[in-house]
file input22.pdb (PDB, C-alpha atoms, pLDDT in the B column)
ATOM      1  CA  MET A 748     -82.286 -89.954 102.091  1.00 58.00           C
ATOM      2  CA  GLU A 749     -80.528 -93.261 102.715  1.00 56.00           C
ATOM      3  CA  SER A 750     -77.901 -93.323 105.450  1.00 58.00           C
ATOM      4  CA  PRO A 751     -74.418 -94.754 104.760  1.00 57.00           C
ATOM      5  CA  HIS A 752     -75.285 -97.676 107.042  1.00 57.00           C
ATOM      6  CA  ASP A 753     -78.395 -98.520 104.978  1.00 61.00           C
ATOM      7  CA  ALA A 754     -76.432 -98.284 101.718  1.00 58.00           C
ATOM      8  CA  ALA A 755     -73.760-100.635 103.078  1.00 56.00           C
ATOM      9  CA  ALA A 756     -76.409-103.126 104.193  1.00 60.00           C
ATOM     10  CA  ASP A 757     -77.999-103.046 100.717  1.00 59.00           C
ATOM     11  CA  ALA A 758     -74.617-103.557  99.028  1.00 55.00           C
ATOM     12  CA  GLU A 759     -74.005-106.729 101.037  1.00 62.00           C
ATOM     13  CA  GLN A 760     -77.056-108.360  99.434  1.00 79.00           C
ATOM     14  CA  PHE A 761     -75.633-108.380  95.909  1.00 81.00           C
ATOM     15  CA  GLY A 762     -72.955-110.547  94.383  1.00 85.00           C
ATOM     16  CA  LEU A 763     -71.326-110.377  90.978  1.00 82.00           C
ATOM     17  CA  GLY A 764     -70.730-113.085  88.442  1.00 86.00           C
ATOM     18  CA  ALA A 765     -69.970-113.652  84.791  1.00 85.00           C
ATOM     19  CA  GLU A 766     -69.879-116.762  82.658  1.00 90.00           C
ATOM     20  CA  ASP A 767     -68.188-117.105  79.247  1.00 91.00           C
ATOM     21  CA  PHE A 768     -67.451-113.366  79.246  1.00 87.00           C
ATOM     22  CA  GLY A 769     -65.252-111.779  76.574  1.00 88.00           C
ATOM     23  CA  LEU A 770     -64.166-108.566  74.897  1.00 88.00           C
ATOM     24  CA  LYS A 771     -63.267-108.310  71.226  1.00 89.00           C
ATOM     25  CA  GLY A 772     -61.317-105.270  70.048  1.00 87.00           C
ATOM     26  CA  PRO A 773     -60.256-104.071  66.591  1.00 93.00           C
ATOM     27  CA  ARG A 774     -57.228-106.402  66.600  1.00 93.00           C
ATOM     28  CA  GLY A 775     -59.010-109.483  67.931  1.00 92.00           C
ATOM     29  CA  TRP A 776     -59.979-110.868  71.316  1.00 91.00           C
ATOM     30  CA  VAL A 777     -58.629-109.055  74.356  1.00 86.00           C
ATOM     31  CA  PHE A 778     -59.924-111.932  76.496  1.00 86.00           C
ATOM     32  CA  ARG A 779     -62.621-114.551  76.147  1.00 90.00           C
ATOM     33  CA  HIS A 780     -64.203-117.482  77.984  1.00 93.00           C
ATOM     34  CA  VAL A 781     -63.696-115.701  81.327  1.00 89.00           C
ATOM     35  CA  GLY A 782     -65.870-116.737  84.238  1.00 89.00           C
ATOM     36  CA  PHE A 783     -65.938-115.745  87.875  1.00 86.00           C
ATOM     37  CA  SER A 784     -68.190-115.433  90.883  1.00 90.00           C
ATOM     38  CA  ALA A 785     -67.974-112.973  93.776  1.00 90.00           C
ATOM     39  CA  PRO A 786     -70.482-113.654  96.563  1.00 92.00           C
ATOM     40  CA  PRO A 787     -72.081-110.764  98.480  1.00 90.00           C
ATOM     41  CA  GLY A 788     -69.633-109.014 100.801  1.00 87.00           C
ATOM     42  CA  SER A 789     -66.537-110.530  99.190  1.00 90.00           C
ATOM     43  CA  LEU A 790     -63.359-108.656  98.311  1.00 90.00           C
ATOM     44  CA  VAL A 791     -61.961-109.296  94.830  1.00 87.00           C
ATOM     45  CA  ALA A 792     -58.484-108.449  93.518  1.00 91.00           C
ATOM     46  CA  ILE A 793     -57.603-108.371  89.822  1.00 90.00           C
ATOM     47  CA  GLU A 794     -53.891-108.940  89.401  1.00 93.00           C
ATOM     48  CA  GLY A 795     -51.501-109.540  86.545  1.00 92.00           C
ATOM     49  CA  PRO A 796     -48.493-108.060  84.788  1.00 95.00           C
ATOM     50  CA  SER A 797     -48.529-104.804  82.859  1.00 94.00           C
ATOM     51  CA  GLY A 798     -50.496-105.160  79.625  1.00 88.00           C
ATOM     52  CA  SER A 799     -52.388-108.269  80.741  1.00 85.00           C
ATOM     53  CA  GLY A 800     -55.864-106.704  80.365  1.00 83.00           C
ATOM     54  CA  ARG A 801     -56.838-105.872  83.950  1.00 88.00           C
ATOM     55  CA  THR A 802     -58.172-102.430  83.041  1.00 89.00           C
ATOM     56  CA  CYS A 803     -59.974-103.757  79.947  1.00 86.00           C
ATOM     57  CA  LEU A 804     -61.668-106.395  82.092  1.00 85.00           C
ATOM     58  CA  LEU A 805     -62.844-103.885  84.692  1.00 86.00           C
ATOM     59  CA  LEU A 806     -64.023-101.399  82.046  1.00 88.00           C
ATOM     60  CA  ALA A 807     -65.943-104.139  80.228  1.00 85.00           C
ATOM     61  CA  LEU A 808     -67.595-105.262  83.471  1.00 83.00           C
ATOM     62  CA  THR A 809     -68.759-101.702  84.123  1.00 83.00           C
ATOM     63  CA  GLY A 810     -70.082-101.268  80.578  1.00 83.00           C
ATOM     64  CA  ARG A 811     -67.517 -98.768  79.342  1.00 80.00           C
TER
END
call {"tool": "encode", "arguments": {"input": "input22.pdb", "output": "structure tokens"}}
result
Amino acid sequence: MESPHDAAADAEQFGLGAEDFGLKGPRGWVFRHVGFSAPPGSLVAIEGPSGSGRTCLLLALTGR
């Protein structure tokens, strides 16, 4: 079994990025041409007003 310390060390080796990312819903594009990069160990905040698509973006990134 992996210890929490080992899991944290493994997590620091991976970054996240997307290029020309988009999500199309039944009424058209929710967002498109989005790109970002988060290096290993970075902290990312998604901010915006109510209804701006923050939850849709995070759900799309996680494959839901």
call {"tool": "residues_around", "arguments": {"input": "input22.pdb", "residues": "A:Glu766", "least_positions_apart": "6", "cutoff": "7 Å", "atoms": "all atoms listed in the file", "output": "MDAnalysis selection string"}}
result
chainID A and resid 781:783
call {"tool": "resolve_selection", "arguments": {"input": "input22.pdb", "expression": "the PyMOL selection byres ((chain A and resi 761-764) around 7)", "output": "list in words"}}
result
Ala758, Glu759, Gln760, Ala765, Glu766, Phe783, Ser784, Ala785, Pro786 and Pro787 of chain A
call {"tool": "atom_distance", "arguments": {"input": "input22.pdb", "atom1": "atom CA of A:Arg801", "atom2": "atom CA of A:Leu770"}}
result
12.0 Å
call {"tool": "atom_distance", "arguments": {"input": "input22.pdb", "atom1": "atom CA of A:Leu808", "atom2": "atom CA of A:Ser789"}}
result
16.6 Å
call {"tool": "resolve_selection", "arguments": {"input": "input22.pdb", "expression": "the PyMOL selection byres ((chain A and resi 800) around 12)", "output": "VMD selection string"}}
result
chain A and resid 769 to 772 776 to 779 781 793 to 799 801 to 807
call {"tool": "axis_aligned_box", "arguments": {"input": "input22.pdb", "around": "stretch 788-803 of chain A", "padding_each_side": "6 Å", "output": "lines of an AutoDock Vina configuration file"}}
result
center_x = -59.1
center_y = -106.5
center_z = 90.2
size_x = 33.1
size_y = 20.1
size_z = 33.2
call {"tool": "build_atoms", "arguments": {"input": "input22.pdb", "residues": "stretch 772-800 of chain A", "atoms": "N, CA and C atoms", "output": "tab-separated table (two decimals), keeping the file's coordinate frame"}}
result
chain	number	residue	atom	x	y	z
A	772	GLY	N	-61.73	-106.59	70.51
A	772	GLY	CA	-61.32	-105.27	70.05
A	772	GLY	C	-61.02	-105.28	68.56
A	773	PRO	N	-60.53	-104.17	68.03
A	773	PRO	CA	-60.26	-104.07	66.59
A	773	PRO	C	-59.17	-105.03	66.10
A	774	ARG	N	-58.30	-105.47	67.00
A	774	ARG	CA	-57.23	-106.40	66.60
A	774	ARG	C	-57.47	-107.83	67.08
A	775	GLY	N	-58.68	-108.13	67.48
A	775	GLY	CA	-59.01	-109.48	67.93
A	775	GLY	C	-59.45	-109.49	69.38
A	776	TRP	N	-59.50	-110.69	69.94
A	776	TRP	CA	-59.98	-110.87	71.32
A	776	TRP	C	-58.96	-110.33	72.32
A	777	VAL	N	-59.45	-109.51	73.24
A	777	VAL	CA	-58.63	-109.06	74.36
A	777	VAL	C	-58.61	-110.17	75.40
A	778	PHE	N	-59.78	-110.74	75.66
A	778	PHE	CA	-59.92	-111.93	76.50
A	778	PHE	C	-61.25	-112.58	76.13
A	779	ARG	N	-61.36	-113.85	76.38
A	779	ARG	CA	-62.62	-114.55	76.15
A	779	ARG	C	-62.69	-115.80	77.01
A	780	HIS	N	-63.92	-116.30	77.16
A	780	HIS	CA	-64.20	-117.48	77.98
A	780	HIS	C	-63.80	-117.26	79.45
A	781	VAL	N	-64.00	-116.03	79.93
A	781	VAL	CA	-63.70	-115.70	81.33
A	781	VAL	C	-64.95	-115.95	82.16
A	782	GLY	N	-64.77	-116.53	83.31
A	782	GLY	CA	-65.87	-116.74	84.24
A	782	GLY	C	-65.40	-116.50	85.66
A	783	PHE	N	-66.27	-115.95	86.47
A	783	PHE	CA	-65.94	-115.74	87.88
A	783	PHE	C	-67.21	-115.54	88.67
A	784	SER	N	-67.07	-115.65	89.97
A	784	SER	CA	-68.19	-115.43	90.88
A	784	SER	C	-67.66	-114.75	92.13
A	785	ALA	N	-68.33	-113.69	92.55
A	785	ALA	CA	-67.97	-112.97	93.78
A	785	ALA	C	-69.23	-112.88	94.64
A	786	PRO	N	-69.30	-113.68	95.70
A	786	PRO	CA	-70.48	-113.65	96.56
A	786	PRO	C	-70.65	-112.30	97.26
A	787	PRO	N	-71.85	-112.02	97.76
A	787	PRO	CA	-72.08	-110.76	98.48
A	787	PRO	C	-71.09	-110.56	99.62
A	788	GLY	N	-70.56	-109.35	99.73
A	788	GLY	CA	-69.63	-109.01	100.80
A	788	GLY	C	-68.20	-109.44	100.57
A	789	SER	N	-67.90	-110.06	99.43
A	789	SER	CA	-66.54	-110.53	99.19
A	789	SER	C	-65.65	-109.40	98.67
A	790	LEU	N	-64.36	-109.59	98.82
A	790	LEU	CA	-63.36	-108.66	98.31
A	790	LEU	C	-62.64	-109.35	97.17
A	791	VAL	N	-62.56	-108.69	96.02
A	791	VAL	CA	-61.96	-109.30	94.83
A	791	VAL	C	-60.76	-108.47	94.40
A	792	ALA	N	-59.67	-109.13	94.05
A	792	ALA	CA	-58.48	-108.45	93.52
A	792	ALA	C	-58.23	-108.95	92.10
A	793	ILE	N	-57.97	-108.03	91.20
A	793	ILE	CA	-57.60	-108.37	89.82
A	793	ILE	C	-56.12	-108.09	89.72
A	794	GLU	N	-55.33	-109.13	89.47
A	794	GLU	CA	-53.89	-108.94	89.40
A	794	GLU	C	-53.32	-109.56	88.14
A	795	GLY	N	-52.18	-109.05	87.73
A	795	GLY	CA	-51.50	-109.54	86.54
A	795	GLY	C	-50.44	-108.54	86.13
A	796	PRO	N	-49.56	-108.96	85.23
A	796	PRO	CA	-48.49	-108.06	84.79
A	796	PRO	C	-49.02	-106.92	83.92
A	797	SER	N	-48.19	-105.94	83.71
A	797	SER	CA	-48.53	-104.80	82.86
A	797	SER	C	-48.93	-105.30	81.47
A	798	GLY	N	-50.04	-104.78	80.96
A	798	GLY	CA	-50.50	-105.16	79.62
A	798	GLY	C	-51.30	-106.44	79.58
A	799	SER	N	-51.67	-106.99	80.72
A	799	SER	CA	-52.39	-108.27	80.74
A	799	SER	C	-53.90	-108.13	80.57
A	800	GLY	N	-54.44	-106.90	80.60
A	800	GLY	CA	-55.86	-106.70	80.36
A	800	GLY	C	-56.70	-106.44	81.59
